[in-house]
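Source file model.tsv; content: TSV, N, CA and C atoms.
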```
chain	number	residue	atom	x	y	z
L	1	MET	N	-16.87	-15.34	-25.77
L	1	MET	CA	-17.74	-15.03	-26.89
L	1	MET	C	-19.03	-15.84	-26.75
L	2	ILE	N	-20.14	-15.16	-26.97
L	2	ILE	CA	-21.46	-15.79	-26.88
L	2	ILE	C	-22.18	-15.63	-28.21
L	3	LEU	N	-22.77	-16.70	-28.69
L	3	LEU	CA	-23.62	-16.66	-29.87
L	3	LEU	C	-25.05	-16.83	-29.41
L	4	ILE	N	-25.93	-15.96	-29.87
L	4	ILE	CA	-27.34	-16.05	-29.52
L	4	ILE	C	-28.19	-16.06	-30.79
L	5	SER	N	-29.07	-17.01	-30.84
L	5	SER	CA	-29.95	-17.20	-31.98
L	5	SER	C	-31.39	-17.00	-31.52
L	6	PHE	N	-32.16	-16.31	-32.33
L	6	PHE	CA	-33.56	-16.05	-32.00
L	6	PHE	C	-34.48	-16.73	-33.01
L	7	ASP	N	-35.48	-17.44	-32.50
L	7	ASP	CA	-36.60	-17.85	-33.33
L	7	ASP	C	-37.33	-16.56	-33.70
L	8	ILE	N	-38.19	-16.60	-34.68
L	8	ILE	CA	-38.90	-15.37	-35.07
L	8	ILE	C	-40.36	-15.39	-34.60
L	9	ASP	N	-41.15	-16.30	-35.11
L	9	ASP	CA	-42.58	-16.31	-34.79
L	9	ASP	C	-42.80	-16.77	-33.34
L	10	GLY	N	-43.49	-15.91	-32.60
L	10	GLY	CA	-43.74	-16.19	-31.19
L	10	GLY	C	-42.60	-15.75	-30.28
L	11	THR	N	-41.50	-15.30	-30.87
L	11	THR	CA	-40.32	-14.90	-30.09
L	11	THR	C	-40.00	-13.42	-30.30
L	12	MET	N	-39.81	-13.04	-31.56
L	12	MET	CA	-39.47	-11.65	-31.87
L	12	MET	C	-40.73	-10.79	-31.91
L	13	ILE	N	-40.59	-9.54	-31.56
L	13	ILE	CA	-41.70	-8.60	-31.55
L	13	ILE	C	-42.35	-8.48	-32.93
L	14	PHE	N	-41.57	-8.72	-34.00
L	14	PHE	CA	-42.10	-8.62	-35.35
L	14	PHE	C	-42.54	-9.98	-35.92
L	15	GLY	N	-42.56	-11.01	-35.07
L	15	GLY	CA	-43.00	-12.33	-35.52
L	15	GLY	C	-44.52	-12.41	-35.62
L	16	SER	N	-44.98	-13.56	-36.09
L	16	SER	CA	-46.42	-13.80	-36.20
L	16	SER	C	-46.74	-15.16	-35.60
L	17	PRO	N	-47.21	-15.21	-34.37
L	17	PRO	CA	-47.59	-14.10	-33.51
L	17	PRO	C	-46.35	-13.40	-32.96
L	18	PRO	N	-46.54	-12.16	-32.51
L	18	PRO	CA	-45.40	-11.44	-31.94
L	18	PRO	C	-44.99	-12.01	-30.60
L	19	GLY	N	-43.69	-12.01	-30.37
L	19	GLY	CA	-43.14	-12.35	-29.06
L	19	GLY	C	-42.70	-11.06	-28.39
L	20	HIS	N	-41.94	-11.18	-27.31
L	20	HIS	CA	-41.53	-9.94	-26.65
L	20	HIS	C	-40.02	-9.71	-26.65
L	21	VAL	N	-39.29	-10.38	-27.54
L	21	VAL	CA	-37.89	-10.00	-27.76
L	21	VAL	C	-37.93	-8.80	-28.71
L	22	THR	N	-37.38	-7.70	-28.25
L	22	THR	CA	-37.45	-6.45	-29.00
L	22	THR	C	-36.21	-6.23	-29.86
L	23	LEU	N	-36.29	-5.27	-30.73
L	23	LEU	CA	-35.13	-4.88	-31.52
L	23	LEU	C	-34.04	-4.33	-30.61
L	24	ASP	N	-34.42	-3.67	-29.52
L	24	ASP	CA	-33.43	-3.19	-28.55
L	24	ASP	C	-32.69	-4.34	-27.90
L	25	HIS	N	-33.38	-5.46	-27.64
L	25	HIS	CA	-32.69	-6.64	-27.10
L	25	HIS	C	-31.60	-7.10	-28.07
L	26	VAL	N	-31.96	-7.17	-29.34
L	26	VAL	CA	-31.01	-7.64	-30.35
L	26	VAL	C	-29.85	-6.65	-30.47
L	27	ARG	N	-30.16	-5.37	-30.49
L	27	ARG	CA	-29.09	-4.36	-30.57
L	27	ARG	C	-28.16	-4.44	-29.37
L	28	LYS	N	-28.74	-4.65	-28.19
L	28	LYS	CA	-27.94	-4.76	-26.97
L	28	LYS	C	-27.01	-5.97	-27.05
L	29	ALA	N	-27.52	-7.09	-27.54
L	29	ALA	CA	-26.67	-8.28	-27.69
L	29	ALA	C	-25.50	-7.98	-28.62
L	30	LYS	N	-25.76	-7.26	-29.70
L	30	LYS	CA	-24.68	-6.89	-30.61
L	30	LYS	C	-23.68	-5.94	-29.94
L	31	GLU	N	-24.19	-4.98	-29.15
L	31	GLU	CA	-23.32	-4.06	-28.41
L	31	GLU	C	-22.42	-4.82	-27.44
L	32	LEU	N	-22.95	-5.89	-26.85
L	32	LEU	CA	-22.18	-6.70	-25.91
L	32	LEU	C	-21.17	-7.60	-26.61
L	33	GLY	N	-21.17	-7.56	-27.95
L	33	GLY	CA	-20.21	-8.35	-28.71
L	33	GLY	C	-20.67	-9.75	-29.05
L	34	PHE	N	-21.95	-10.05	-28.81
L	34	PHE	CA	-22.48	-11.37	-29.14
L	34	PHE	C	-22.50	-11.56	-30.66
L	35	ILE	N	-22.39	-12.80	-31.08
L	35	ILE	CA	-22.69	-13.18	-32.45
L	35	ILE	C	-24.20	-13.39	-32.47
L	36	VAL	N	-24.92	-12.69	-33.35
L	36	VAL	CA	-26.38	-12.64	-33.29
L	36	VAL	C	-27.00	-13.05	-34.62
L	37	GLY	N	-28.08	-13.82	-34.53
L	37	GLY	CA	-28.80	-14.20	-35.74
L	37	GLY	C	-30.12	-14.85	-35.42
L	38	SER	N	-30.72	-15.46	-36.44
L	38	SER	CA	-32.00	-16.13	-36.26
L	38	SER	C	-31.96	-17.54	-36.81
L	39	ALA	N	-32.77	-18.37	-36.19
L	39	ALA	CA	-32.99	-19.74	-36.65
L	39	ALA	C	-34.49	-19.98	-36.56
L	40	SER	N	-35.11	-20.14	-37.70
L	40	SER	CA	-36.56	-20.15	-37.78
L	40	SER	C	-37.01	-21.18	-38.81
L	41	ASP	N	-38.31	-21.43	-38.85
L	41	ASP	CA	-38.90	-22.23	-39.93
L	41	ASP	C	-39.11	-21.38	-41.18
L	42	ARG	N	-39.03	-20.07	-41.03
L	42	ARG	CA	-39.22	-19.18	-42.18
L	42	ARG	C	-38.07	-19.36	-43.17
L	43	PRO	N	-38.35	-19.20	-44.47
L	43	PRO	CA	-37.26	-19.30	-45.46
L	43	PRO	C	-36.15	-18.29	-45.15
L	44	ILE	N	-34.95	-18.64	-45.54
L	44	ILE	CA	-33.78	-17.77	-45.31
L	44	ILE	C	-34.03	-16.38	-45.86
L	45	SER	N	-34.53	-16.30	-47.10
L	45	SER	CA	-34.74	-14.98	-47.72
L	45	SER	C	-35.73	-14.14	-46.92
L	46	ASN	N	-36.74	-14.77	-46.34
L	46	ASN	CA	-37.71	-14.03	-45.54
L	46	ASN	C	-37.07	-13.53	-44.24
L	47	GLN	N	-36.26	-14.37	-43.61
L	47	GLN	CA	-35.57	-13.94	-42.39
L	47	GLN	C	-34.65	-12.76	-42.70
L	48	GLU	N	-33.89	-12.86	-43.78
L	48	GLU	CA	-32.98	-11.77	-44.16
L	48	GLU	C	-33.76	-10.48	-44.40
L	49	GLU	N	-34.89	-10.58	-45.08
L	49	GLU	CA	-35.70	-9.39	-45.37
L	49	GLU	C	-36.24	-8.76	-44.09
L	50	LEU	N	-36.69	-9.59	-43.14
L	50	LEU	CA	-37.19	-9.06	-41.87
L	50	LEU	C	-36.11	-8.27	-41.14
L	51	TRP	N	-34.93	-8.83	-41.05
L	51	TRP	CA	-33.84	-8.11	-40.36
L	51	TRP	C	-33.50	-6.82	-41.11
L	52	LYS	N	-33.49	-6.89	-42.43
L	52	LYS	CA	-33.19	-5.70	-43.22
L	52	LYS	C	-34.26	-4.62	-43.00
L	53	GLN	N	-35.53	-5.02	-42.98
L	53	GLN	CA	-36.63	-4.07	-42.75
L	53	GLN	C	-36.48	-3.36	-41.41
L	54	HIS	N	-35.89	-4.05	-40.44
L	54	HIS	CA	-35.75	-3.49	-39.10
L	54	HIS	C	-34.34	-2.93	-38.86
L	55	ASP	N	-33.57	-2.82	-39.95
L	55	ASP	CA	-32.24	-2.19	-39.92
L	55	ASP	C	-31.32	-2.84	-38.89
L	56	ILE	N	-31.32	-4.18	-38.86
L	56	ILE	CA	-30.42	-4.91	-37.97
L	56	ILE	C	-29.55	-5.80	-38.84
L	57	ASP	N	-28.25	-5.66	-38.69
L	57	ASP	CA	-27.28	-6.45	-39.44
L	57	ASP	C	-26.91	-7.67	-38.61
L	58	VAL	N	-27.56	-8.80	-38.86
L	58	VAL	CA	-27.28	-10.01	-38.10
L	58	VAL	C	-26.10	-10.76	-38.73
L	59	ASP	N	-25.50	-11.62	-37.93
L	59	ASP	CA	-24.34	-12.38	-38.39
L	59	ASP	C	-24.73	-13.63	-39.17
L	60	PHE	N	-25.92	-14.13	-38.93
L	60	PHE	CA	-26.36	-15.34	-39.63
L	60	PHE	C	-27.88	-15.43	-39.60
L	61	VAL	N	-28.41	-16.17	-40.54
L	61	VAL	CA	-29.80	-16.65	-40.51
L	61	VAL	C	-29.73	-18.10	-40.97
L	62	CYS	N	-30.60	-18.93	-40.41
L	62	CYS	CA	-30.63	-20.33	-40.81
L	62	CYS	C	-31.99	-20.92	-40.51
L	63	LEU	N	-32.22	-22.08	-41.05
L	63	LEU	CA	-33.39	-22.86	-40.67
L	63	LEU	C	-33.06	-23.52	-39.34
L	64	LYS	N	-34.04	-23.59	-38.45
L	64	LYS	CA	-33.74	-24.03	-37.08
L	64	LYS	C	-33.16	-25.43	-37.00
L	65	HIS	N	-33.47	-26.28	-37.95
L	65	HIS	CA	-32.91	-27.63	-37.91
L	65	HIS	C	-31.46	-27.66	-38.38
L	66	ARG	N	-30.91	-26.49	-38.72
L	66	ARG	CA	-29.52	-26.41	-39.16
L	66	ARG	C	-28.65	-25.60	-38.19
L	67	LEU	N	-29.08	-25.51	-36.95
L	67	LEU	CA	-28.28	-24.78	-35.95
L	67	LEU	C	-26.87	-25.37	-35.80
L	68	SER	N	-26.72	-26.66	-36.01
L	68	SER	CA	-25.39	-27.26	-35.88
L	68	SER	C	-24.42	-26.66	-36.89
L	69	GLU	N	-24.91	-26.26	-38.06
L	69	GLU	CA	-24.05	-25.62	-39.06
L	69	GLU	C	-23.59	-24.24	-38.59
L	70	VAL	N	-24.45	-23.54	-37.88
L	70	VAL	CA	-24.08	-22.25	-37.31
L	70	VAL	C	-22.96	-22.45	-36.29
L	71	LYS	N	-23.10	-23.47	-35.48
L	71	LYS	CA	-22.08	-23.78	-34.47
L	71	LYS	C	-20.74	-24.09	-35.13
L	72	GLU	N	-20.76	-24.77	-36.25
L	72	GLU	CA	-19.52	-25.08	-36.98
L	72	GLU	C	-18.89	-23.82	-37.56
L	73	ARG	N	-19.71	-22.88	-38.01
L	73	ARG	CA	-19.20	-21.66	-38.66
L	73	ARG	C	-18.66	-20.62	-37.69
L	74	PHE	N	-19.22	-20.59	-36.46
L	74	PHE	CA	-18.88	-19.52	-35.52
L	74	PHE	C	-18.38	-20.11	-34.21
L	75	PRO	N	-17.07	-20.11	-33.99
L	75	PRO	CA	-16.56	-20.57	-32.70
L	75	PRO	C	-17.00	-19.61	-31.59
L	76	ALA	N	-17.51	-20.14	-30.50
L	76	ALA	CA	-17.95	-19.32	-29.37
L	76	ALA	C	-17.80	-20.14	-28.09
L	77	ASP	N	-17.83	-19.44	-26.97
L	77	ASP	CA	-17.77	-20.11	-25.67
L	77	ASP	C	-19.12	-20.64	-25.26
L	78	GLU	N	-20.18	-19.93	-25.68
L	78	GLU	CA	-21.54	-20.33	-25.34
L	78	GLU	C	-22.43	-20.16	-26.56
L	79	TYR	N	-23.37	-21.08	-26.69
L	79	TYR	CA	-24.36	-21.04	-27.77
L	79	TYR	C	-25.74	-21.06	-27.14
L	80	ARG	N	-26.57	-20.09	-27.50
L	80	ARG	CA	-27.91	-19.97	-26.93
L	80	ARG	C	-28.94	-19.79	-28.04
L	81	HIS	N	-30.10	-20.40	-27.83
L	81	HIS	CA	-31.21	-20.19	-28.76
L	81	HIS	C	-32.43	-19.82	-27.93
L	82	VAL	N	-33.11	-18.76	-28.35
L	82	VAL	CA	-34.32	-18.29	-27.68
L	82	VAL	C	-35.51	-18.64	-28.56
L	83	GLY	N	-36.50	-19.32	-27.98
L	83	GLY	CA	-37.66	-19.71	-28.76
L	83	GLY	C	-38.90	-19.92	-27.91
L	84	ASP	N	-39.96	-20.35	-28.58
L	84	ASP	CA	-41.25	-20.46	-27.89
L	84	ASP	C	-41.91	-21.82	-28.03
L	85	THR	N	-41.27	-22.77	-28.70
L	85	THR	CA	-41.91	-24.06	-28.89
L	85	THR	C	-41.00	-25.21	-28.49
L	86	GLU	N	-41.61	-26.33	-28.28
L	86	GLU	CA	-40.85	-27.54	-27.98
L	86	GLU	C	-39.92	-27.89	-29.15
L	87	MET	N	-40.35	-27.61	-30.37
L	87	MET	CA	-39.50	-27.87	-31.54
L	87	MET	C	-38.26	-26.98	-31.51
L	88	ASP	N	-38.41	-25.73	-31.08
L	88	ASP	CA	-37.24	-24.85	-30.93
L	88	ASP	C	-36.27	-25.46	-29.93
L	89	ARG	N	-36.79	-25.91	-28.80
L	89	ARG	CA	-35.94	-26.52	-27.77
L	89	ARG	C	-35.25	-27.77	-28.30
L	90	TYR	N	-36.00	-28.60	-29.00
L	90	TYR	CA	-35.47	-29.85	-29.53
L	90	TYR	C	-34.27	-29.58	-30.44
L	91	PHE	N	-34.44	-28.69	-31.42
L	91	PHE	CA	-33.35	-28.44	-32.37
L	91	PHE	C	-32.18	-27.72	-31.71
L	92	ALA	N	-32.45	-26.85	-30.76
L	92	ALA	CA	-31.36	-26.19	-30.02
L	92	ALA	C	-30.52	-27.23	-29.28
L	93	LYS	N	-31.18	-28.09	-28.54
L	93	LYS	CA	-30.47	-29.12	-27.77
L	93	LYS	C	-29.73	-30.08	-28.69
L	94	LEU	N	-30.35	-30.46	-29.80
L	94	LEU	CA	-29.74	-31.37	-30.76
L	94	LEU	C	-28.42	-30.79	-31.29
L	95	ALA	N	-28.37	-29.47	-31.46
L	95	ALA	CA	-27.17	-28.80	-31.97
L	95	ALA	C	-26.18	-28.44	-30.86
L	96	GLY	N	-26.52	-28.72	-29.60
L	96	GLY	CA	-25.62	-28.39	-28.50
L	96	GLY	C	-25.75	-26.98	-27.98
L	97	PHE	N	-26.90	-26.35	-28.23
L	97	PHE	CA	-27.17	-25.00	-27.75
L	97	PHE	C	-27.89	-25.07	-26.40
L	98	ASP	N	-27.67	-24.08	-25.56
L	98	ASP	CA	-28.54	-23.87	-24.41
L	98	ASP	C	-29.83	-23.30	-24.96
L	99	PHE	N	-30.94	-23.59	-24.30
L	99	PHE	CA	-32.23	-23.10	-24.77
L	99	PHE	C	-32.87	-22.23	-23.72
L	100	LEU	N	-33.39	-21.10	-24.16
L	100	LEU	CA	-34.09	-20.18	-23.27
L	100	LEU	C	-35.52	-20.02	-23.80
L	101	TRP	N	-36.48	-20.38	-22.96
L	101	TRP	CA	-37.89	-20.19	-23.32
L	101	TRP	C	-38.21	-18.70	-23.33
L	102	ILE	N	-38.97	-18.27	-24.31
L	102	ILE	CA	-39.35	-16.86	-24.41
L	102	ILE	C	-40.04	-16.38	-23.14
L	103	ASN	N	-40.78	-17.26	-22.48
L	103	ASN	CA	-41.46	-16.87	-21.24
L	103	ASN	C	-40.48	-16.55	-20.11
L	104	ASP	N	-39.22	-16.99	-20.25
L	104	ASP	CA	-38.21	-16.69	-19.25
L	104	ASP	C	-37.48	-15.38	-19.54
L	105	VAL	N	-37.77	-14.78	-20.69
L	105	VAL	CA	-37.18	-13.48	-21.04
L	105	VAL	C	-38.12	-12.41	-20.49
L	106	PRO	N	-37.62	-11.55	-19.60
L	106	PRO	CA	-38.50	-10.52	-19.04
L	106	PRO	C	-39.03	-9.59	-20.13
L	107	ASP	N	-40.29	-9.20	-20.00
L	107	ASP	CA	-40.86	-8.31	-21.01
L	107	ASP	C	-40.81	-6.85	-20.58
L	108	ASP	N	-39.94	-6.56	-19.61
L	108	ASP	CA	-39.80	-5.18	-19.13
L	108	ASP	C	-38.69	-4.40	-19.83
L	109	GLY	N	-38.10	-5.01	-20.88
L	109	GLY	CA	-37.05	-4.33	-21.62
L	109	GLY	C	-35.66	-4.49	-21.04
L	110	SER	N	-35.53	-5.21	-19.93
L	110	SER	CA	-34.20	-5.38	-19.33
L	110	SER	C	-33.35	-6.32	-20.18
L	111	HIS	N	-32.05	-6.23	-19.98
L	111	HIS	CA	-31.11	-7.01	-20.78
L	111	HIS	C	-30.30	-8.00	-19.94
L	112	GLU	N	-30.51	-8.04	-18.64
L	112	GLU	CA	-29.68	-8.86	-17.76
L	112	GLU	C	-29.78	-10.35	-18.10
L	113	TRP	N	-30.90	-10.79	-18.65
L	113	TRP	CA	-31.08	-12.20	-18.99
L	113	TRP	C	-30.07	-12.68	-20.02
L	114	MET	N	-29.49	-11.76	-20.75
L	114	MET	CA	-28.53	-12.15	-21.78
L	114	MET	C	-27.16	-12.49	-21.20
L	115	LEU	N	-26.88	-11.99	-20.03
L	115	LEU	CA	-25.53	-12.15	-19.47
L	115	LEU	C	-25.30	-13.49	-18.85
```

Output the file's structure as structure tokens, nothing else.
Amino acid sequence: MILISFDIDGTMIFGSPPGHVTLDHVRKAKELGFIVGSASDRPISNQEELWKQHDIDVDFVCLKHRLSEVKERFPADEYRHVGDTEMDRYFAKLAGFDFLWINDVPDDGSHEWML
């Protein structure tokens, strides 16, 4: 089981600024059976509304400095956080997550990076 968390701004296509993680990436992660959600500086209610607007049912939303609570709630074999800032990396590592820089996610729509 893999849990993957996405930052929003600078990471997700609907962030401000937009990143290049697409809704298809998120849907593919869910199809693969991943536990999927977001960890952002945005308020929880705003994160929930964004996912709802894009018709994606995520398993969790949290503030990025609370990723350790997500890890406690969801047992998994691997924990990953995708983001675009040093702060994203810092909080991911602090919570025991692997960190993937958004620049390492191909922008060609492929999904192999998730595996």

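The environment of range 23-29 of chain L within 7 Å, counting all atoms listed in the file and disregarding residues fewer than 6 places along the same chain, consists of L:Ile13, L:Ile35, L:Val36, L:Ser110, L:His111.
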
(request) as a ChimeraX atom specification, list the residues of range 37-114 of chain L assigned to alpha helix (DSSP H) by DSSP on the backbone atoms of this structure. (result) /L:44-53,67-73,86-94

(message) as JSON, numbers by chain, please: the residues near Cys62 in chain L (cut-off 5 Å, only N, CA and C atoms, same-chain neighbours under 6 positions excluded).
(response) {"L": [38, 39, 40]}

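Distance-wise, CA of Gly96 in chain L and atom C of Lys71 in chain L end up 9.3 Å apart.
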
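Near range 79-91 of chain L, within a cut-off of 6.5 Å and counting only N, CA and C atoms, sit the residues L:Ile2, L:Leu3, L:Ile4, L:Ser5, L:Phe6, L:Asp7, L:Gly10, L:Thr11, L:Lys64, L:His65, L:Leu67, L:Gly96, L:Phe97, L:Asp98, L:Phe99, L:Leu100, L:Trp101, L:Ile102, L:Asn103, with same-chain residues fewer than 5 positions away left out.
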
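From atom N of Arg42 in chain L back to CA of Leu115 in chain L, the distance works out to 26.6 Å.
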
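With only C-alpha atoms taken into account, the protein and nucleic acid residues at most 6 Å from Gly37 in chain L (excluding it and anything under 4 positions from it in its own chain) are Ser5, Val58, Asp59, Phe60 and Val61 of chain L.
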
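You will find CA of Gly15 in chain L at 26.8 Å from CA of Met1 in chain L.
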
(request) Give the strand (DSSP E or B) residues of chain L, as DSSP finds them on the backbone, and put them as a ChimeraX atom specification. (result) /L:2-6,12,21,35-40,60-63,78-83,98-101

Serialized selection, N, CA and C atoms, as a PDB file, in the frame of the given file:
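The resulting file, out_15.pdb, is shown below:
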```
ATOM      1  N   ILE L   2     -20.140 -15.160 -26.970  1.00  0.00           N
ATOM      2  CA  ILE L   2     -21.460 -15.790 -26.880  1.00  0.00           C
ATOM      3  C   ILE L   2     -22.180 -15.630 -28.210  1.00  0.00           C
ATOM      4  N   LEU L   3     -22.770 -16.700 -28.690  1.00  0.00           N
ATOM      5  CA  LEU L   3     -23.620 -16.660 -29.870  1.00  0.00           C
ATOM      6  C   LEU L   3     -25.050 -16.830 -29.410  1.00  0.00           C
ATOM      7  N   ILE L   4     -25.930 -15.960 -29.870  1.00  0.00           N
ATOM      8  CA  ILE L   4     -27.340 -16.050 -29.520  1.00  0.00           C
ATOM      9  C   ILE L   4     -28.190 -16.060 -30.790  1.00  0.00           C
ATOM     10  N   SER L   5     -29.070 -17.010 -30.840  1.00  0.00           N
ATOM     11  CA  SER L   5     -29.950 -17.200 -31.980  1.00  0.00           C
ATOM     12  C   SER L   5     -31.390 -17.000 -31.520  1.00  0.00           C
ATOM     13  N   PHE L   6     -32.160 -16.310 -32.330  1.00  0.00           N
ATOM     14  CA  PHE L   6     -33.560 -16.050 -32.000  1.00  0.00           C
ATOM     15  C   PHE L   6     -34.480 -16.730 -33.010  1.00  0.00           C
ATOM     16  N   MET L  12     -39.810 -13.040 -31.560  1.00  0.00           N
ATOM     17  CA  MET L  12     -39.470 -11.650 -31.870  1.00  0.00           C
ATOM     18  C   MET L  12     -40.730 -10.790 -31.910  1.00  0.00           C
ATOM     19  N   VAL L  21     -39.290 -10.380 -27.540  1.00  0.00           N
ATOM     20  CA  VAL L  21     -37.890 -10.000 -27.760  1.00  0.00           C
ATOM     21  C   VAL L  21     -37.930  -8.800 -28.710  1.00  0.00           C
ATOM     22  N   ILE L  35     -22.390 -12.800 -31.080  1.00  0.00           N
ATOM     23  CA  ILE L  35     -22.690 -13.180 -32.450  1.00  0.00           C
ATOM     24  C   ILE L  35     -24.200 -13.390 -32.470  1.00  0.00           C
ATOM     25  N   VAL L  36     -24.920 -12.690 -33.350  1.00  0.00           N
ATOM     26  CA  VAL L  36     -26.380 -12.640 -33.290  1.00  0.00           C
ATOM     27  C   VAL L  36     -27.000 -13.050 -34.620  1.00  0.00           C
ATOM     28  N   GLY L  37     -28.080 -13.820 -34.530  1.00  0.00           N
ATOM     29  CA  GLY L  37     -28.800 -14.200 -35.740  1.00  0.00           C
ATOM     30  C   GLY L  37     -30.120 -14.850 -35.420  1.00  0.00           C
ATOM     31  N   SER L  38     -30.720 -15.460 -36.440  1.00  0.00           N
ATOM     32  CA  SER L  38     -32.000 -16.130 -36.260  1.00  0.00           C
ATOM     33  C   SER L  38     -31.960 -17.540 -36.810  1.00  0.00           C
ATOM     34  N   ALA L  39     -32.770 -18.370 -36.190  1.00  0.00           N
ATOM     35  CA  ALA L  39     -32.990 -19.740 -36.650  1.00  0.00           C
ATOM     36  C   ALA L  39     -34.490 -19.980 -36.560  1.00  0.00           C
ATOM     37  N   SER L  40     -35.110 -20.140 -37.700  1.00  0.00           N
ATOM     38  CA  SER L  40     -36.560 -20.150 -37.780  1.00  0.00           C
ATOM     39  C   SER L  40     -37.010 -21.180 -38.810  1.00  0.00           C
ATOM     40  N   PHE L  60     -25.920 -14.130 -38.930  1.00  0.00           N
ATOM     41  CA  PHE L  60     -26.360 -15.340 -39.630  1.00  0.00           C
ATOM     42  C   PHE L  60     -27.880 -15.430 -39.600  1.00  0.00           C
ATOM     43  N   VAL L  61     -28.410 -16.170 -40.540  1.00  0.00           N
ATOM     44  CA  VAL L  61     -29.800 -16.650 -40.510  1.00  0.00           C
ATOM     45  C   VAL L  61     -29.730 -18.100 -40.970  1.00  0.00           C
ATOM     46  N   CYS L  62     -30.600 -18.930 -40.410  1.00  0.00           N
ATOM     47  CA  CYS L  62     -30.630 -20.330 -40.810  1.00  0.00           C
ATOM     48  C   CYS L  62     -31.990 -20.920 -40.510  1.00  0.00           C
ATOM     49  N   LEU L  63     -32.220 -22.080 -41.050  1.00  0.00           N
ATOM     50  CA  LEU L  63     -33.390 -22.860 -40.670  1.00  0.00           C
ATOM     51  C   LEU L  63     -33.060 -23.520 -39.340  1.00  0.00           C
ATOM     52  N   GLU L  78     -20.180 -19.930 -25.680  1.00  0.00           N
ATOM     53  CA  GLU L  78     -21.540 -20.330 -25.340  1.00  0.00           C
ATOM     54  C   GLU L  78     -22.430 -20.160 -26.560  1.00  0.00           C
ATOM     55  N   TYR L  79     -23.370 -21.080 -26.690  1.00  0.00           N
ATOM     56  CA  TYR L  79     -24.360 -21.040 -27.770  1.00  0.00           C
ATOM     57  C   TYR L  79     -25.740 -21.060 -27.140  1.00  0.00           C
ATOM     58  N   ARG L  80     -26.570 -20.090 -27.500  1.00  0.00           N
ATOM     59  CA  ARG L  80     -27.910 -19.970 -26.930  1.00  0.00           C
ATOM     60  C   ARG L  80     -28.940 -19.790 -28.040  1.00  0.00           C
ATOM     61  N   HIS L  81     -30.100 -20.400 -27.830  1.00  0.00           N
ATOM     62  CA  HIS L  81     -31.210 -20.190 -28.760  1.00  0.00           C
ATOM     63  C   HIS L  81     -32.430 -19.820 -27.930  1.00  0.00           C
ATOM     64  N   VAL L  82     -33.110 -18.760 -28.350  1.00  0.00           N
ATOM     65  CA  VAL L  82     -34.320 -18.290 -27.680  1.00  0.00           C
ATOM     66  C   VAL L  82     -35.510 -18.640 -28.560  1.00  0.00           C
ATOM     67  N   GLY L  83     -36.500 -19.320 -27.980  1.00  0.00           N
ATOM     68  CA  GLY L  83     -37.660 -19.710 -28.760  1.00  0.00           C
ATOM     69  C   GLY L  83     -38.900 -19.920 -27.910  1.00  0.00           C
ATOM     70  N   ASP L  98     -27.670 -24.080 -25.560  1.00  0.00           N
ATOM     71  CA  ASP L  98     -28.540 -23.870 -24.410  1.00  0.00           C
ATOM     72  C   ASP L  98     -29.830 -23.300 -24.960  1.00  0.00           C
ATOM     73  N   PHE L  99     -30.940 -23.590 -24.300  1.00  0.00           N
ATOM     74  CA  PHE L  99     -32.230 -23.100 -24.770  1.00  0.00           C
ATOM     75  C   PHE L  99     -32.870 -22.230 -23.720  1.00  0.00           C
ATOM     76  N   LEU L 100     -33.390 -21.100 -24.160  1.00  0.00           N
ATOM     77  CA  LEU L 100     -34.090 -20.180 -23.270  1.00  0.00           C
ATOM     78  C   LEU L 100     -35.520 -20.020 -23.800  1.00  0.00           C
ATOM     79  N   TRP L 101     -36.480 -20.380 -22.960  1.00  0.00           N
ATOM     80  CA  TRP L 101     -37.890 -20.190 -23.320  1.00  0.00           C
ATOM     81  C   TRP L 101     -38.210 -18.700 -23.330  1.00  0.00           C
TER      82      TRP L 101
END
```

(request) May I ask which of the residues L:Arg66, L:His54, L:Lys93, L:Arg73 is the closest one to Met12 in chain L, counting only C-alpha atoms? (result) L:His54

Give me the box for range 85-101 of chain L as JSON, namely the centre and edge lengths in Å to one decimal of a box along x, y and z that holds every listed atom plus 6 Å on each side.
```
{"center_x": -33.8, "center_y": -25.0, "center_z": -27.7, "size_x": 28.3, "size_y": 24.7, "size_z": 21.4}
```
